[in-house]
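Raw target_33.tsv, TSV, C-alpha atoms:
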```tsv
chain	number	residue	atom	x	y	z
A	1	MET	CA	-37.58	17.50	198.76
A	2	ALA	CA	-40.70	17.49	200.96
A	3	ALA	CA	-43.99	18.47	199.36
A	4	LEU	CA	-45.07	22.02	200.12
A	5	ALA	CA	-48.27	22.40	202.13
A	6	ILE	CA	-51.42	23.69	200.47
A	7	LYS	CA	-53.65	25.94	202.59
A	8	SER	CA	-57.40	26.31	202.14
A	9	LEU	CA	-58.61	29.87	202.73
A	10	ASN	CA	-62.10	31.33	203.00
A	11	ILE	CA	-61.92	34.81	201.49
A	12	ALA	CA	-64.79	37.23	202.15
A	13	THR	CA	-65.91	39.23	199.12
A	14	ARG	CA	-68.82	41.36	198.05
A	15	ILE	CA	-71.51	39.62	195.98
A	16	HIS	CA	-74.88	40.71	194.64
A	17	GLY	CA	-77.97	38.53	194.87
A	18	ARG	CA	-81.15	38.70	192.80
A	19	VAL	CA	-84.49	39.22	194.54
A	20	LEU	CA	-87.95	39.72	193.02
A	21	VAL	CA	-90.48	41.76	195.02
A	22	ARG	CA	-94.19	42.28	194.35
A	23	GLU	CA	-95.43	44.95	196.74
A	24	ALA	CA	-98.99	45.10	198.05
A	25	GLU	CA	-100.62	48.47	198.61
A	26	ASP	CA	-101.55	47.74	202.23
A	27	PRO	CA	-99.89	44.41	203.04
A	28	VAL	CA	-101.09	42.25	205.92
A	29	ALA	CA	-98.00	40.04	205.62
A	30	VAL	CA	-94.63	39.63	203.97
A	31	ILE	CA	-94.19	36.21	202.35
A	32	ALA	CA	-90.59	35.34	201.53
A	33	GLY	CA	-90.04	32.41	199.18
A	34	PHE	CA	-87.00	30.22	198.58
A	35	HIS	CA	-86.74	28.08	195.43
A	36	GLY	CA	-85.32	24.60	195.03
A	37	TYR	CA	-82.09	23.47	193.39
A	38	MET	CA	-81.76	24.36	189.70
A	39	GLU	CA	-84.65	26.84	189.91
A	40	ASN	CA	-84.67	30.64	190.12
A	41	ALA	CA	-86.51	33.60	191.62
A	42	GLU	CA	-89.10	33.58	188.84
A	43	THR	CA	-90.01	29.98	189.65
A	44	GLN	CA	-90.71	30.74	193.29
A	45	MET	CA	-92.43	34.05	192.57
A	46	ALA	CA	-94.91	32.20	190.35
A	47	ARG	CA	-95.65	29.88	193.28
A	48	LEU	CA	-96.15	32.81	195.64
A	49	GLU	CA	-98.43	34.64	193.22
A	50	ALA	CA	-100.53	31.48	192.87
A	51	LEU	CA	-101.35	31.47	196.59
A	52	PRO	CA	-105.05	32.29	197.12
A	53	ASP	CA	-105.40	35.92	198.28
A	54	SER	CA	-101.71	36.58	197.62
A	55	GLY	CA	-102.63	40.14	196.66
A	56	ARG	CA	-102.92	40.99	200.36
A	57	ALA	CA	-99.21	40.31	200.94
A	58	THR	CA	-95.90	41.69	199.78
A	59	LEU	CA	-94.12	38.82	198.04
A	60	VAL	CA	-90.35	38.42	198.14
A	61	SER	CA	-88.69	35.71	196.03
A	62	VAL	CA	-85.03	35.31	196.96
A	63	GLN	CA	-82.69	33.67	194.44
A	64	GLY	CA	-79.75	31.56	195.58
A	65	LEU	CA	-76.36	33.22	195.33
A	66	HIS	CA	-74.78	30.39	193.34
A	67	ARG	CA	-75.91	30.80	189.73
A	68	PHE	CA	-75.28	28.55	186.77
A	69	TYR	CA	-76.81	27.61	183.43
A	70	ARG	CA	-79.35	24.82	183.18
A	71	GLY	CA	-77.69	22.10	181.13
A	72	ARG	CA	-76.35	23.46	177.85
A	73	GLY	CA	-79.06	26.08	177.55
A	74	GLU	CA	-79.16	29.79	178.38
A	75	GLU	CA	-81.59	29.72	181.30
A	76	VAL	CA	-79.92	30.93	184.50
A	77	VAL	CA	-80.80	28.92	187.59
A	78	ALA	CA	-79.31	28.73	191.06
A	79	GLY	CA	-78.58	26.66	194.14
A	80	TRP	CA	-78.21	27.62	197.77
A	81	MET	CA	-75.08	25.80	198.86
A	82	THR	CA	-73.08	22.58	198.87
A	83	ARG	CA	-71.42	20.79	201.77
A	84	GLN	CA	-68.13	22.57	200.99
A	85	ASP	CA	-67.43	25.40	203.51
A	86	ARG	CA	-70.94	24.79	204.83
A	87	GLU	CA	-70.85	27.04	207.89
A	88	ALA	CA	-69.50	30.01	205.94
A	89	MET	CA	-72.14	29.57	203.25
A	90	ILE	CA	-74.95	29.38	205.82
A	91	ALA	CA	-73.76	32.65	207.37
A	92	ASP	CA	-73.56	34.32	203.94
A	93	ASN	CA	-77.05	33.14	203.01
A	94	ILE	CA	-78.61	34.38	206.25
A	95	GLU	CA	-77.00	37.82	205.91
A	96	TYR	CA	-78.17	38.02	202.30
A	97	THR	CA	-81.70	36.98	203.23
A	98	ASP	CA	-81.83	39.52	206.04
A	99	ARG	CA	-80.99	42.31	203.62
A	100	ALA	CA	-83.50	41.08	201.05
A	101	ILE	CA	-86.37	40.97	203.53
A	102	GLU	CA	-85.47	44.21	205.31
A	103	SER	CA	-85.45	46.08	202.01
A	104	SER	CA	-88.91	44.84	201.05
A	105	ALA	CA	-91.39	45.89	203.75
A	106	PRO	CA	-91.66	47.58	207.16
A	107	ALA	CA	-90.51	45.49	210.11
A	108	GLU	CA	-93.91	45.56	211.85
A	109	ILE	CA	-95.60	43.52	209.11
A	110	PRO	CA	-95.77	39.79	209.98
A	111	LEU	CA	-93.31	37.59	208.09
A	112	PHE	CA	-93.85	34.08	206.72
A	113	THR	CA	-91.17	32.05	204.94
A	114	LEU	CA	-91.96	29.42	202.31
A	115	GLY	CA	-89.45	26.98	200.87
A	116	PHE	CA	-89.45	24.20	198.32
A	117	SER	CA	-86.90	21.35	198.27
A	118	GLN	CA	-83.41	22.79	198.86
A	119	GLY	CA	-85.08	26.11	199.68
A	120	VAL	CA	-86.75	24.60	202.76
A	121	ALA	CA	-83.51	24.84	204.73
A	122	MET	CA	-83.24	28.54	203.86
A	123	ALA	CA	-86.87	29.15	204.83
A	124	PHE	CA	-86.12	27.74	208.29
A	125	ARG	CA	-82.78	29.51	208.66
A	126	ALA	CA	-84.26	32.86	207.63
A	127	ALA	CA	-87.18	32.37	210.01
A	128	LEU	CA	-85.08	31.45	213.05
A	129	ARG	CA	-81.61	32.91	212.50
A	130	GLY	CA	-82.58	36.06	210.64
A	131	ARG	CA	-82.86	39.46	212.26
A	132	ARG	CA	-86.59	39.50	211.50
A	133	ARG	CA	-88.28	36.46	213.02
A	134	ALA	CA	-91.07	34.76	211.08
A	135	ILE	CA	-94.40	33.77	212.61
A	136	GLY	CA	-94.77	30.78	210.31
A	137	VAL	CA	-92.78	28.48	207.99
A	138	VAL	CA	-94.17	26.46	205.08
A	139	ALA	CA	-91.76	23.65	204.18
A	140	VAL	CA	-92.49	21.62	201.04
A	141	GLY	CA	-90.36	18.65	200.07
A	142	GLY	CA	-87.32	19.36	202.26
A	143	ASP	CA	-85.81	18.64	205.67
A	144	VAL	CA	-85.57	20.83	208.75
A	145	PRO	CA	-81.86	21.79	209.02
A	146	PRO	CA	-80.24	19.60	211.70
A	147	GLU	CA	-78.25	22.45	213.26
A	148	LEU	CA	-81.51	24.22	214.12
A	149	LEU	CA	-83.00	21.16	215.78
A	150	GLU	CA	-79.80	20.73	217.79
A	151	ASP	CA	-79.93	24.30	219.13
A	152	ALA	CA	-82.00	24.15	222.34
A	153	THR	CA	-82.13	27.96	222.56
A	154	LEU	CA	-84.30	28.35	219.46
A	155	ALA	CA	-88.09	28.68	219.65
A	156	PHE	CA	-89.62	27.56	216.36
A	157	PRO	CA	-92.63	29.40	214.92
A	158	ALA	CA	-95.65	27.49	213.63
A	159	VAL	CA	-94.69	25.08	210.83
A	160	LEU	CA	-96.49	23.39	207.94
A	161	LEU	CA	-94.57	20.35	206.66
A	162	ALA	CA	-95.70	19.02	203.28
A	163	ARG	CA	-94.67	16.27	200.88
A	164	GLY	CA	-96.04	14.62	197.75
A	165	GLU	CA	-97.22	11.08	198.32
A	166	ARG	CA	-94.85	9.84	195.57
A	167	ASP	CA	-91.89	11.98	196.65
A	168	ASP	CA	-88.78	9.77	196.84
A	169	TRP	CA	-86.59	12.68	197.99
A	170	TYR	CA	-88.50	13.84	201.07
A	171	THR	CA	-90.06	10.59	202.21
A	172	ASN	CA	-92.84	9.94	204.69
A	173	ALA	CA	-90.21	8.79	207.17
A	174	ASN	CA	-88.44	12.15	206.76
A	175	LEU	CA	-91.66	14.06	207.33
A	176	GLU	CA	-92.60	12.03	210.41
A	177	ALA	CA	-89.11	12.42	211.89
A	178	ASP	CA	-89.18	16.20	211.37
A	179	ALA	CA	-92.69	16.51	212.80
A	180	SER	CA	-91.74	14.44	215.84
A	181	ALA	CA	-88.58	16.47	216.45
A	182	LEU	CA	-90.45	19.76	216.18
A	183	ARG	CA	-93.26	18.64	218.45
A	184	GLY	CA	-90.61	17.56	220.93
A	185	ARG	CA	-89.58	21.23	220.90
A	186	HIS	CA	-93.21	22.27	221.66
A	187	THR	CA	-93.67	23.61	218.13
A	188	GLN	CA	-97.09	23.91	216.58
A	189	VAL	CA	-96.81	21.59	213.57
A	190	GLU	CA	-99.22	20.74	210.78
A	191	THR	CA	-98.51	18.09	208.14
A	192	LEU	CA	-99.82	17.59	204.64
A	193	VAL	CA	-99.37	14.65	202.26
A	194	TYR	CA	-100.78	15.59	198.88
A	195	PRO	CA	-101.23	13.80	195.52
A	196	GLY	CA	-98.04	14.20	193.51
A	197	ALA	CA	-94.30	13.67	193.62
A	198	HIS	CA	-91.46	16.13	194.37
A	199	GLU	CA	-93.43	19.17	193.21
A	200	TRP	CA	-95.40	22.22	194.29
A	201	THR	CA	-99.08	21.77	193.44
A	202	VAL	CA	-102.37	23.67	193.73
A	203	GLU	CA	-103.10	21.63	196.86
A	204	VAL	CA	-99.88	22.93	198.39
A	205	ALA	CA	-100.76	26.52	197.48
A	206	ALA	CA	-104.22	26.22	199.03
A	207	ALA	CA	-102.86	24.64	202.22
A	208	ALA	CA	-100.14	27.30	202.52
A	209	ALA	CA	-102.69	30.10	202.12
A	210	ARG	CA	-104.95	28.58	204.80
A	211	PHE	CA	-101.96	28.21	207.13
A	212	ILE	CA	-100.96	31.85	206.64
A	213	ASP	CA	-104.52	33.09	207.13
A	214	ARG	CA	-104.96	31.13	210.36
A	215	HIS	CA	-101.81	32.58	211.88
A	216	LEU	CA	-102.61	36.12	210.77
A	217	THR	CA	-106.04	36.09	212.40
A	218	ARG	CA	-104.94	34.72	215.80
```

Represent the structure from my file as structure tokens, please.
Amino acid sequence: MAALAIKSLNIATRIHGRVLVREAEDPVAVIAGFHGYMENAETQMARLEALPDSGRATLVSVQGLHRFYRGRGEEVVAGWMTRQDREAMIADNIEYTDRAIESSAPAEIPLFTLGFSQGVAMAFRAALRGRRRAIGVVAVGGDVPPELLEDATLAFPAVLLARGERDDWYTNANLEADASALRGRHTQVETLVYPGAHEWTVEVAAAAARFIDRHLTR
């Protein structure tokens, strides 16, 4: 008897994501943050709050939809996606991010997206594919998503690319390749190599705040 075929289906379903918001009284910007793999919304919110002058902005820390426990402990962490069903997961994440940002502040307030490690891809996708376009992206320790670079119709906002000088994950070659590709698209790109490894440091926070301030005052 011949083996029966097994079909792989993608089934749409409703899911709830977790987002932390710290509202400013009279915000000059919305800063949306995206954490790395095996982190959570609290991790990225702490980074956003540590930005110099962060009190002027409404902060939105978006947690990945795919939650799990760290090791054998009770801390809940998250990831953004795997390579399985990649296109469907990207679409889900963008729709989720749109709703998170739209629920946080009026549309006329300038938006910046900040990502660390795996969250860098989401910072770029939210900035370019989301319904509310960002005026700047801060990318720390992660690659520009290849599908965005391949899309000639996209106009990238200003970008700050950063890596730790001892980062073995996002190497100097990675950073230079991303910067070259973005400049080839006529994107305004700044780069930063800071003391440290695959981590978010006070130098990163200071550079991100300066980047945001420059693009708010232009």

Residue nearest A:Arg18 among A:Glu49, A:Glu203, A:Glu42, A:Glu108 (counting all atoms listed in the file): A:Glu42

Spatial neighbours of A:Gly64, 9 Å, all atoms listed in the file, chain gap at least 4 places, as an NGL selection string: :A and (17-18 or 34-37 or 39-41 or 77-81 or 93 or 119)

Would you output that residue set with C-alpha atoms, as a PDB file, in the coordinates of the input?
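Below you can see part34.pdb, which holds the result:
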```
ATOM      1  CA  GLY A  17     -77.970  38.530 194.870  1.00  0.00           C
ATOM      2  CA  ARG A  18     -81.150  38.700 192.800  1.00  0.00           C
ATOM      3  CA  PHE A  34     -87.000  30.220 198.580  1.00  0.00           C
ATOM      4  CA  HIS A  35     -86.740  28.080 195.430  1.00  0.00           C
ATOM      5  CA  GLY A  36     -85.320  24.600 195.030  1.00  0.00           C
ATOM      6  CA  TYR A  37     -82.090  23.470 193.390  1.00  0.00           C
ATOM      7  CA  GLU A  39     -84.650  26.840 189.910  1.00  0.00           C
ATOM      8  CA  ASN A  40     -84.670  30.640 190.120  1.00  0.00           C
ATOM      9  CA  ALA A  41     -86.510  33.600 191.620  1.00  0.00           C
ATOM     10  CA  VAL A  77     -80.800  28.920 187.590  1.00  0.00           C
ATOM     11  CA  ALA A  78     -79.310  28.730 191.060  1.00  0.00           C
ATOM     12  CA  GLY A  79     -78.580  26.660 194.140  1.00  0.00           C
ATOM     13  CA  TRP A  80     -78.210  27.620 197.770  1.00  0.00           C
ATOM     14  CA  MET A  81     -75.080  25.800 198.860  1.00  0.00           C
ATOM     15  CA  ASN A  93     -77.050  33.140 203.010  1.00  0.00           C
ATOM     16  CA  GLY A 119     -85.080  26.110 199.680  1.00  0.00           C
TER      17      GLY A 119
END
```

Do you have the atom CA of A:Ala207-atom CA of A:Val30 distance handy?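 Atom CA of A:Val30 lies 17.2 Å from atom CA of A:Ala207.
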
Top pick for closest residue to A:Pro27, considering A:Ala100, A:Val204, A:Val189, A:Leu216 and counting all atoms listed in the file: A:Leu216

Nearest to A:Pro106: which of A:Asp85, A:Asp92, A:Asp26, A:Glu190 is it, counting all atoms listed in the file? A:Asp26
